[in-house]
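**Student:** Have a look at this one.
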Amino acid sequence: MKRLKSFWFLSVLCMLGLISHAQESSLPEGFTTGNTVWIVRTGVNLNFVTGSGVDDTKTNWAALKCYGEFKNALGGNASFGLYSPLGTSPIYIGINAGVGMRGYKTSAKWKDGISVINAQNTRLTAFNAQISPLNIGYIAKLSKNTALDFHVGVFFTCDFAGTFTTEENYSDNTSKKNSIDIDDTENYNKYDTGLIGGIGFWYNHWNVSIDYQRGLSSIYNGGDDFYSNKIMLSLGYAF
C-alpha cells in the first residue's frame, strides 16, 4: 500500500508540472502534419481475474457450503510513448512503455459447527514493467481543440515485485496473516501477454482515456487458468 501511495503521489506531481507549462490552445500539431507525438500518462486500474480457475474455485466453495467471491483490486499505471501518424491521415501507429499493477482479491466465509463463522481473505498485488510494441489508432477530430482517439494493440509485461497475502479470521476473535513474495509463490508466472483496446478524448494537449486490457497467459502454471484483466482510466499529456 505504501508503494501504491508513493506511485500515485509522484504521478500527480509529474502531471502538475506539465500543467504549469501548458501553453497550447489546440490539438498537437503532429495529428495533422505527420510528425511524431510524444505522450505521458498516469492513472488507476481496476484489476480482476477470469478463467477456469475462478469457476472451479467457486464450485469448490459451493461444495464445501462456503460463501466465497472474487473481488476487484485497485492499482495504478504510468507510461511514456509515441504516436506516429501515417502521413497526414488520421491513422497512427504507436509504442508505449511503462509500469503498472495487476492482481485480485478473494473473500470466503464458512461455518464450523452450527453458528461459528470463520473467514479467509487473500490478495495478489504485483508490480510490473510493460511494453506495448504495436498500437494502431484513429484520431477523429471534432474541432480545433477536441478529438476522439480509438485504439487497439498488444502488450507484454513482467512482474518485478509483489506479494500474495492470506489472512484468516477465527470465531474466537484470533487471526493469522501470512504474506509471501511472488518469487516464492508456487507455480507463479510473472510474465503476461495479451490485447488492449480503448477510447480516449483529447482537449488541446490533454487526454483522458479508458482502456480494457486482457491477459492471455495464466497467472499460475500447471493448473487451472487465471487470466489477468484490467480496466484502466488514464490522464495524458502530449508534446
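Going through the C-alpha cells in order, the chains are called A, B, and so on, while each chain numbers its residues from 1 and the ligands are numbered from 1 in the order shown.
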Stretch 81-158 of chain A near stretch 176-193 of chain A within 7 Å: what's each residue's closest atom pair and its distance in Å to one decimal, counting only C-alpha atoms, ordered by chain then ascending residue number, as JSON lines?

**Tutor:**
```
{"residue": "A:Phe155", "atom": "CA", "partner": "A:Thr193", "partner_atom": "CA", "distance": 5.5}
{"residue": "A:Phe156", "atom": "CA", "partner": "A:Thr193", "partner_atom": "CA", "distance": 4.4}
{"residue": "A:Thr157", "atom": "CA", "partner": "A:Asp192", "partner_atom": "CA", "distance": 5.2}
{"residue": "A:Cys158", "atom": "CA", "partner": "A:Tyr191", "partner_atom": "CA", "distance": 4.6}
```

**Student:** Deliver the residues from the most recent selection as a file, using all heavy atoms, as a PDB file, in the first residue's frame.

**Tutor:**
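Result file result.pdb:
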```pdb
ATOM      1  N   PHE A 155       0.367  -6.201 -25.833  1.00  0.00           N
ATOM      2  CA  PHE A 155       1.263  -5.820 -24.748  1.00  0.00           C
ATOM      3  C   PHE A 155       2.006  -7.038 -24.214  1.00  0.00           C
ATOM      4  O   PHE A 155       1.580  -8.186 -24.379  1.00  0.00           O
ATOM      5  CB  PHE A 155       0.486  -5.151 -23.605  1.00  0.00           C
ATOM      6  CG  PHE A 155      -0.365  -6.107 -22.806  1.00  0.00           C
ATOM      7  CD1 PHE A 155       0.166  -6.785 -21.711  1.00  0.00           C
ATOM      8  CD2 PHE A 155      -1.685  -6.339 -23.147  1.00  0.00           C
ATOM      9  CE1 PHE A 155      -0.602  -7.673 -20.981  1.00  0.00           C
ATOM     10  CE2 PHE A 155      -2.468  -7.227 -22.423  1.00  0.00           C
ATOM     11  CZ  PHE A 155      -1.929  -7.898 -21.337  1.00  0.00           C
ATOM     12  N   PHE A 156       3.129  -6.752 -23.551  1.00  0.00           N
ATOM     13  CA  PHE A 156       3.907  -7.752 -22.826  1.00  0.00           C
ATOM     14  C   PHE A 156       4.263  -7.163 -21.468  1.00  0.00           C
ATOM     15  O   PHE A 156       4.633  -5.986 -21.368  1.00  0.00           O
ATOM     16  CB  PHE A 156       5.196  -8.097 -23.584  1.00  0.00           C
ATOM     17  CG  PHE A 156       4.971  -8.639 -24.965  1.00  0.00           C
ATOM     18  CD1 PHE A 156       4.994  -7.785 -26.061  1.00  0.00           C
ATOM     19  CD2 PHE A 156       4.726  -9.975 -25.173  1.00  0.00           C
ATOM     20  CE1 PHE A 156       4.776  -8.253 -27.340  1.00  0.00           C
ATOM     21  CE2 PHE A 156       4.507 -10.474 -26.455  1.00  0.00           C
ATOM     22  CZ  PHE A 156       4.536  -9.613 -27.542  1.00  0.00           C
ATOM     23  N   THR A 157       4.162  -7.971 -20.398  1.00  0.00           N
ATOM     24  CA  THR A 157       4.506  -7.498 -19.061  1.00  0.00           C
ATOM     25  C   THR A 157       5.405  -8.499 -18.346  1.00  0.00           C
ATOM     26  O   THR A 157       5.396  -9.699 -18.641  1.00  0.00           O
ATOM     27  CB  THR A 157       3.255  -7.267 -18.185  1.00  0.00           C
ATOM     28  OG1 THR A 157       2.600  -8.524 -17.955  1.00  0.00           O
ATOM     29  CG2 THR A 157       2.304  -6.294 -18.830  1.00  0.00           C
ATOM     30  N   CYS A 158       6.149  -7.984 -17.368  1.00  0.00           N
ATOM     31  CA  CYS A 158       6.966  -8.813 -16.494  1.00  0.00           C
ATOM     32  C   CYS A 158       6.872  -8.256 -15.076  1.00  0.00           C
ATOM     33  O   CYS A 158       7.236  -7.097 -14.841  1.00  0.00           O
ATOM     34  CB  CYS A 158       8.420  -8.842 -16.965  1.00  0.00           C
ATOM     35  SG  CYS A 158       9.525  -9.771 -15.878  1.00  0.00           S
TER      36      CYS A 158
END
```

**Student:** If DSSP is run on the backbone, what residues of stretch 14-108 of chain A are alpha helix (DSSP H)? A reply as a list in words would be ideal.

**Tutor:**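 Of stretch 14-108 of chain A, the ones in alpha helix (DSSP H) are Cys14, Met15, Leu16, Gly17, Leu18, Ile19, Ser20, His21, Gly30, Phe31, Thr32, Thr33, Ser52, Gly53, Val54, Asp55, Asp56, Thr57, Lys58, Thr59, Asn60, Trp61, Ala62 and Ala63 of chain A.
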
**Student:** So that I have them on file, write out the residues from the current selection with N, CA, C and O atoms, as an mmCIF file, in the first residue's frame.

**Tutor:**
```
data_model
loop_
_atom_site.group_PDB
_atom_site.id
_atom_site.type_symbol
_atom_site.label_atom_id
_atom_site.label_comp_id
_atom_site.auth_asym_id
_atom_site.auth_seq_id
_atom_site.Cartn_x
_atom_site.Cartn_y
_atom_site.Cartn_z
ATOM 1 N N CYS A 14 4.068 14.876 -11.325
ATOM 2 C CA CYS A 14 4.500 14.964 -12.719
ATOM 3 C C CYS A 14 3.456 15.692 -13.559
ATOM 4 O O CYS A 14 3.784 16.571 -14.359
ATOM 5 N N MET A 15 2.187 15.339 -13.384
ATOM 6 C CA MET A 15 1.130 15.972 -14.158
ATOM 7 C C MET A 15 0.970 17.450 -13.797
ATOM 8 O O MET A 15 0.732 18.289 -14.663
ATOM 9 N N LEU A 16 1.116 17.788 -12.522
ATOM 10 C CA LEU A 16 1.015 19.195 -12.127
ATOM 11 C C LEU A 16 2.121 20.011 -12.762
ATOM 12 O O LEU A 16 1.924 21.165 -13.151
ATOM 13 N N GLY A 17 3.299 19.409 -12.898
ATOM 14 C CA GLY A 17 4.399 20.103 -13.567
ATOM 15 C C GLY A 17 4.094 20.374 -15.019
ATOM 16 O O GLY A 17 4.412 21.445 -15.546
ATOM 17 N N LEU A 18 3.461 19.415 -15.681
ATOM 18 C CA LEU A 18 3.104 19.608 -17.088
ATOM 19 C C LEU A 18 2.033 20.685 -17.241
ATOM 20 O O LEU A 18 2.068 21.484 -18.172
ATOM 21 N N ILE A 19 1.073 20.689 -16.305
ATOM 22 C CA ILE A 19 0.008 21.698 -16.378
ATOM 23 C C ILE A 19 0.601 23.112 -16.300
ATOM 24 O O ILE A 19 0.176 24.031 -17.016
ATOM 25 N N SER A 20 1.588 23.283 -15.437
ATOM 26 C CA SER A 20 2.172 24.616 -15.259
ATOM 27 C C SER A 20 2.898 25.101 -16.510
ATOM 28 O O SER A 20 3.139 26.291 -16.664
ATOM 29 N N HIS A 21 3.260 24.174 -17.416
ATOM 30 C CA HIS A 21 3.983 24.556 -18.622
ATOM 31 C C HIS A 21 3.101 24.499 -19.875
ATOM 32 O O HIS A 21 3.584 24.719 -20.979
ATOM 33 N N GLY A 30 1.270 17.402 -34.564
ATOM 34 C CA GLY A 30 1.575 16.142 -35.229
ATOM 35 C C GLY A 30 0.363 15.357 -35.679
ATOM 36 O O GLY A 30 0.459 14.495 -36.555
ATOM 37 N N PHE A 31 -0.812 15.626 -35.113
ATOM 38 C CA PHE A 31 -2.014 14.903 -35.506
ATOM 39 C C PHE A 31 -2.400 15.174 -36.965
ATOM 40 O O PHE A 31 -3.112 14.388 -37.579
ATOM 41 N N THR A 32 -1.956 16.298 -37.510
ATOM 42 C CA THR A 32 -2.316 16.635 -38.896
ATOM 43 C C THR A 32 -1.100 16.774 -39.816
ATOM 44 O O THR A 32 -1.248 16.710 -41.028
ATOM 45 N N THR A 33 0.098 16.942 -39.242
ATOM 46 C CA THR A 33 1.283 17.143 -40.090
ATOM 47 C C THR A 33 2.096 15.871 -40.296
ATOM 48 O O THR A 33 3.009 15.844 -41.116
ATOM 49 N N SER A 52 -10.883 -20.563 -16.001
ATOM 50 C CA SER A 52 -11.406 -21.801 -15.420
ATOM 51 C C SER A 52 -11.094 -21.912 -13.937
ATOM 52 O O SER A 52 -11.852 -22.532 -13.175
ATOM 53 N N GLY A 53 -9.990 -21.312 -13.496
ATOM 54 C CA GLY A 53 -9.641 -21.364 -12.086
ATOM 55 C C GLY A 53 -10.661 -20.661 -11.209
ATOM 56 O O GLY A 53 -10.967 -21.110 -10.096
ATOM 57 N N VAL A 54 -11.194 -19.544 -11.702
ATOM 58 C CA VAL A 54 -12.229 -18.818 -10.964
ATOM 59 C C VAL A 54 -13.490 -19.668 -10.852
ATOM 60 O O VAL A 54 -14.079 -19.811 -9.770
ATOM 61 N N ASP A 55 -13.899 -20.271 -11.973
ATOM 62 C CA ASP A 55 -15.112 -21.096 -11.972
ATOM 63 C C ASP A 55 -14.963 -22.310 -11.070
ATOM 64 O O ASP A 55 -15.876 -22.653 -10.300
ATOM 65 N N ASP A 56 -13.794 -22.977 -11.132
ATOM 66 C CA ASP A 56 -13.582 -24.172 -10.310
ATOM 67 C C ASP A 56 -13.509 -23.828 -8.826
ATOM 68 O O ASP A 56 -13.992 -24.594 -7.974
ATOM 69 N N THR A 57 -12.900 -22.692 -8.498
ATOM 70 C CA THR A 57 -12.833 -22.270 -7.100
ATOM 71 C C THR A 57 -14.228 -22.009 -6.549
ATOM 72 O O THR A 57 -14.549 -22.410 -5.415
ATOM 73 N N LYS A 58 -15.075 -21.373 -7.324
ATOM 74 C CA LYS A 58 -16.453 -21.115 -6.886
ATOM 75 C C LYS A 58 -17.223 -22.416 -6.711
ATOM 76 O O LYS A 58 -18.034 -22.558 -5.777
ATOM 77 N N THR A 59 -16.977 -23.396 -7.593
ATOM 78 C CA THR A 59 -17.623 -24.698 -7.476
ATOM 79 C C THR A 59 -17.191 -25.400 -6.194
ATOM 80 O O THR A 59 -18.006 -25.995 -5.477
ATOM 81 N N ASN A 60 -15.901 -25.333 -5.868
ATOM 82 C CA ASN A 60 -15.392 -25.950 -4.642
ATOM 83 C C ASN A 60 -15.964 -25.272 -3.405
ATOM 84 O O ASN A 60 -16.295 -25.942 -2.415
ATOM 85 N N TRP A 61 -16.086 -23.945 -3.446
ATOM 86 C CA TRP A 61 -16.694 -23.241 -2.326
ATOM 87 C C TRP A 61 -18.128 -23.727 -2.095
ATOM 88 O O TRP A 61 -18.531 -23.978 -0.957
ATOM 89 N N ALA A 62 -18.875 -23.846 -3.179
ATOM 90 C CA ALA A 62 -20.261 -24.280 -3.061
ATOM 91 C C ALA A 62 -20.353 -25.701 -2.496
ATOM 92 O O ALA A 62 -21.222 -25.994 -1.673
ATOM 93 N N ALA A 63 -19.440 -26.589 -2.935
ATOM 94 C CA ALA A 63 -19.450 -27.975 -2.457
ATOM 95 C C ALA A 63 -19.151 -28.053 -0.963
ATOM 96 O O ALA A 63 -19.640 -28.944 -0.263
#
```

**Student:** At a cut-off of 9 Å, using only C-alpha atoms, what residues contact A:Lys230? Leave out same-chain residues fewer than 5 positions from it and give the result as a list in words.

**Tutor:** Asn45, Leu46, Asn47, Phe48, Val49, Arg102, Asp211, Tyr212, Gln213, Arg214 and Gly215 of chain A

**Student:** Could you turn the residues from that selection into a file that holds N, CA, C and O atoms, as a PDB file, in the first residue's frame?

**Tutor:**
```pdb
ATOM      1  N   ASN A  45      -6.079   1.589 -12.116  1.00  0.00           N
ATOM      2  CA  ASN A  45      -6.595   0.356 -12.702  1.00  0.00           C
ATOM      3  C   ASN A  45      -7.644  -0.258 -11.791  1.00  0.00           C
ATOM      4  O   ASN A  45      -7.562  -0.148 -10.565  1.00  0.00           O
ATOM      5  N   LEU A  46      -8.590  -0.976 -12.393  1.00  0.00           N
ATOM      6  CA  LEU A  46      -9.461  -1.892 -11.673  1.00  0.00           C
ATOM      7  C   LEU A  46      -9.059  -3.285 -12.140  1.00  0.00           C
ATOM      8  O   LEU A  46      -9.319  -3.659 -13.284  1.00  0.00           O
ATOM      9  N   ASN A  47      -8.377  -4.043 -11.275  1.00  0.00           N
ATOM     10  CA  ASN A  47      -7.813  -5.334 -11.646  1.00  0.00           C
ATOM     11  C   ASN A  47      -8.718  -6.481 -11.195  1.00  0.00           C
ATOM     12  O   ASN A  47      -9.243  -6.456 -10.079  1.00  0.00           O
ATOM     13  N   PHE A  48      -8.850  -7.500 -12.036  1.00  0.00           N
ATOM     14  CA  PHE A  48      -9.621  -8.685 -11.674  1.00  0.00           C
ATOM     15  C   PHE A  48      -9.161  -9.863 -12.522  1.00  0.00           C
ATOM     16  O   PHE A  48      -8.357  -9.700 -13.446  1.00  0.00           O
ATOM     17  N   VAL A  49      -9.646 -11.064 -12.195  1.00  0.00           N
ATOM     18  CA  VAL A  49      -9.239 -12.265 -12.915  1.00  0.00           C
ATOM     19  C   VAL A  49     -10.459 -13.000 -13.455  1.00  0.00           C
ATOM     20  O   VAL A  49     -11.554 -12.921 -12.899  1.00  0.00           O
ATOM     21  N   ARG A 102      -1.105  -5.487 -11.363  1.00  0.00           N
ATOM     22  CA  ARG A 102      -2.180  -6.440 -11.602  1.00  0.00           C
ATOM     23  C   ARG A 102      -2.453  -7.188 -10.304  1.00  0.00           C
ATOM     24  O   ARG A 102      -1.649  -7.154  -9.370  1.00  0.00           O
ATOM     25  N   ASP A 211      -9.388   2.199 -21.023  1.00  0.00           N
ATOM     26  CA  ASP A 211      -8.919   1.046 -21.786  1.00  0.00           C
ATOM     27  C   ASP A 211      -9.227  -0.250 -21.050  1.00  0.00           C
ATOM     28  O   ASP A 211      -9.285  -0.291 -19.808  1.00  0.00           O
ATOM     29  N   TYR A 212      -9.387  -1.304 -21.840  1.00  0.00           N
ATOM     30  CA  TYR A 212      -9.552  -2.644 -21.289  1.00  0.00           C
ATOM     31  C   TYR A 212      -8.369  -3.487 -21.731  1.00  0.00           C
ATOM     32  O   TYR A 212      -8.037  -3.525 -22.919  1.00  0.00           O
ATOM     33  N   GLN A 213      -7.729  -4.153 -20.781  1.00  0.00           N
ATOM     34  CA  GLN A 213      -6.554  -4.973 -21.070  1.00  0.00           C
ATOM     35  C   GLN A 213      -6.831  -6.412 -20.643  1.00  0.00           C
ATOM     36  O   GLN A 213      -7.219  -6.670 -19.501  1.00  0.00           O
ATOM     37  N   ARG A 214      -6.606  -7.354 -21.565  1.00  0.00           N
ATOM     38  CA  ARG A 214      -6.895  -8.771 -21.316  1.00  0.00           C
ATOM     39  C   ARG A 214      -5.634  -9.595 -21.475  1.00  0.00           C
ATOM     40  O   ARG A 214      -5.039  -9.652 -22.548  1.00  0.00           O
ATOM     41  N   GLY A 215      -5.180 -10.221 -20.391  1.00  0.00           N
ATOM     42  CA  GLY A 215      -4.027 -11.096 -20.444  1.00  0.00           C
ATOM     43  C   GLY A 215      -4.396 -12.441 -21.043  1.00  0.00           C
ATOM     44  O   GLY A 215      -5.506 -12.946 -20.848  1.00  0.00           O
TER      45      GLY A 215
END
```

**Student:** Compare A:Ala119, A:Ile196, A:Ile39, A:Leu148 by their minimum atom-to-atom distance to A:Asp172, counting only C-alpha atoms, and give me the closest one.

**Tutor:** A:Ala119

**Student:** Using only C-alpha atoms, find the one residue out of A:Arg41, A:Lys105, A:Lys111, A:Lys71 that sits nearest to A:Thr125.

**Tutor:**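 Ranked by minimum distance to A:Thr125, first place goes to A:Lys105.
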
**Student:** What gap, in Å, lies between atom CA of A:Gly103 and atom CA of A:Val40?

**Tutor:**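 Computed distance, atom CA of A:Gly103 to atom CA of A:Val40, equals 23.7 Å.
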
**Student:** Just the number, please: distance in Å from atom CA of A:Thr163 to atom CA of A:Leu64, one decimal.

**Tutor:** 27.2 Å

**Student:** Can you measure atom CA of A:Glu168 to atom CA of A:Ala108 for me? One decimal in Å is fine.

**Tutor:**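 For atom CA of A:Glu168 relative to atom CA of A:Ala108, the distance reads 9.6 Å.
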
**Student:** Need to verify the contact set: stretch 88-94 of chain A, 9 Å, only C-alpha atoms, exclusion of same-chain residues closer than 6 positions in sequence. Can you return it as a list in words?

**Tutor:**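 My reading of the contact set: Gly30, Phe31, Thr32, Thr33, Gly34, Asn35, Gly81, Leu82, Ser132, Pro133, Leu134, Asn135, Ile136, Gly137, Tyr138, Ile139, Ala140, Lys141 and Gly153 of chain A.
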
**Student:** Restricted to C-alpha atoms, what would the selected residues look like written as a PDB file, in the first residue's frame?

**Tutor:**
```pdb
ATOM      1  CA  GLY A  30       1.575  16.142 -35.229  1.00  0.00           C
ATOM      2  CA  PHE A  31      -2.014  14.903 -35.506  1.00  0.00           C
ATOM      3  CA  THR A  32      -2.316  16.635 -38.896  1.00  0.00           C
ATOM      4  CA  THR A  33       1.283  17.143 -40.090  1.00  0.00           C
ATOM      5  CA  GLY A  34       2.534  13.590 -39.696  1.00  0.00           C
ATOM      6  CA  ASN A  35       5.110  14.476 -37.037  1.00  0.00           C
ATOM      7  CA  GLY A  81       5.043   6.530 -25.571  1.00  0.00           C
ATOM      8  CA  LEU A  82       4.740   7.976 -29.041  1.00  0.00           C
ATOM      9  CA  SER A 132       3.127  -2.256 -25.977  1.00  0.00           C
ATOM     10  CA  PRO A 133       5.260  -2.593 -29.131  1.00  0.00           C
ATOM     11  CA  LEU A 134       2.390  -2.078 -31.545  1.00  0.00           C
ATOM     12  CA  ASN A 135      -0.717   0.058 -31.211  1.00  0.00           C
ATOM     13  CA  ILE A 136      -2.954   1.149 -34.055  1.00  0.00           C
ATOM     14  CA  GLY A 137      -5.291   4.078 -33.617  1.00  0.00           C
ATOM     15  CA  TYR A 138      -7.580   6.559 -35.310  1.00  0.00           C
ATOM     16  CA  ILE A 139      -7.871  10.249 -34.411  1.00  0.00           C
ATOM     17  CA  ALA A 140     -11.365  11.589 -35.148  1.00  0.00           C
ATOM     18  CA  LYS A 141     -11.164  15.388 -34.931  1.00  0.00           C
ATOM     19  CA  GLY A 153      -2.806  -3.046 -29.546  1.00  0.00           C
TER      20      GLY A 153
END
```

**Student:** Give me every strand (DSSP E) residue in stretch 12-145 of chain A, going by DSSP on the backbone, as number ranges by chain.

**Tutor:** A: 37-50, 67-71, 73-85, 91-111, 117-141

**Student:** Name the closest residue to A:Lys109 among the candidates A:Tyr227, A:Phe164, A:Tyr170, A:Trp38; distances are taken between atoms, counting only C-alpha atoms.

**Tutor:**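 Comparing A:Tyr227, A:Phe164, A:Tyr170, A:Trp38 against A:Lys109, the winner is A:Tyr170.
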
**Student:** In terms of the shortest atom-to-atom distance over only C-alpha atoms, which of A:Asn96, A:Trp202, A:Ile210, A:Phe127 is closest to A:Leu142?

**Tutor:**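 Among A:Asn96, A:Trp202, A:Ile210, A:Phe127, it is A:Trp202 that comes nearest to A:Leu142.
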